[in-house]
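*Asks:* After the structure tokens below, expect a handful of questions from me.
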Amino acid sequence: MHTETHKTDRRAADRFPIEREVRYKVLSKKSADEAGSGHTVNMSSNGILFTSEHMLLPGRRLELAISWPAQLNNQTPLKLVARGRVIRYEGGQAAIEIQQYEFRTSGKTAN
């Protein structure tokens with residue numbers, strides 16, 4: 001049996017080493033108050049790897065809010081809000097598969 005395919009990277013999208021502040025919350029009626037913060041380790045169009053202060057079980061749905069380095073019209077702070085499922089958790093880091101996302105203003109400036 002040839003195991004060469006197991007050594008290749010199975011990711012469908014390139015990952016970028018972006019470190020930004022992240023806040024997350026578990027999307028579940030049972031754990032409505034389960035939330036935390038951390039920092040992104042890397043991101044792609046399909047997923048996000050981030051540090052977590054809680055153990056996040058694979059399969060759980062999360063919403064992440066990530067401070068974004070660019071501003072709208074060079075003056076309004078933005079955040080990336082992504083929803084997805086935890087696909088793995090190890091060593092204080094969780095990976096989610098992004099199912100939907102949008103950019104929102106972070107609300108620090110109001111006009």
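Residues are named by chain letter and number: chains run A, B, ... in the order of the structure tokens, numbers start at 1 in each chain, and ligands are numbered from 1 in the order shown.
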May I have the residues within 12 Å of region 51-61 of chain A as a PyMOL selection string, using only C-alpha atoms and disregarding those fewer than 2 positions away in the same chain?
*Replies:* chain A and resi 19-32+34-42+48-49+63-64+82-100
*Asks:* Taking the backbone alone, and naming residues the way the document does, which bits of chain A are helix (DSSP H, G or I) by DSSP, as a VMD selection string?
*Replies:* chain A and resid 4 to 7
*Asks:* Please, what distance in Å, to one decimal, runs between CA of Met43 (chain A) and CA of Ile18 (chain A)?
*Replies:*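 One can read the CA of Met43 (chain A) to CA of Ile18 (chain A) distance as 6.5 Å.
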*Asks:* What does the distance between CA of Thr76 (chain A) and CA of Phe16 (chain A) come to in Å, to one decimal place?
*Replies:*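 So the two atoms, CA of Thr76 (chain A) and CA of Phe16 (chain A), lie 23.8 Å apart.
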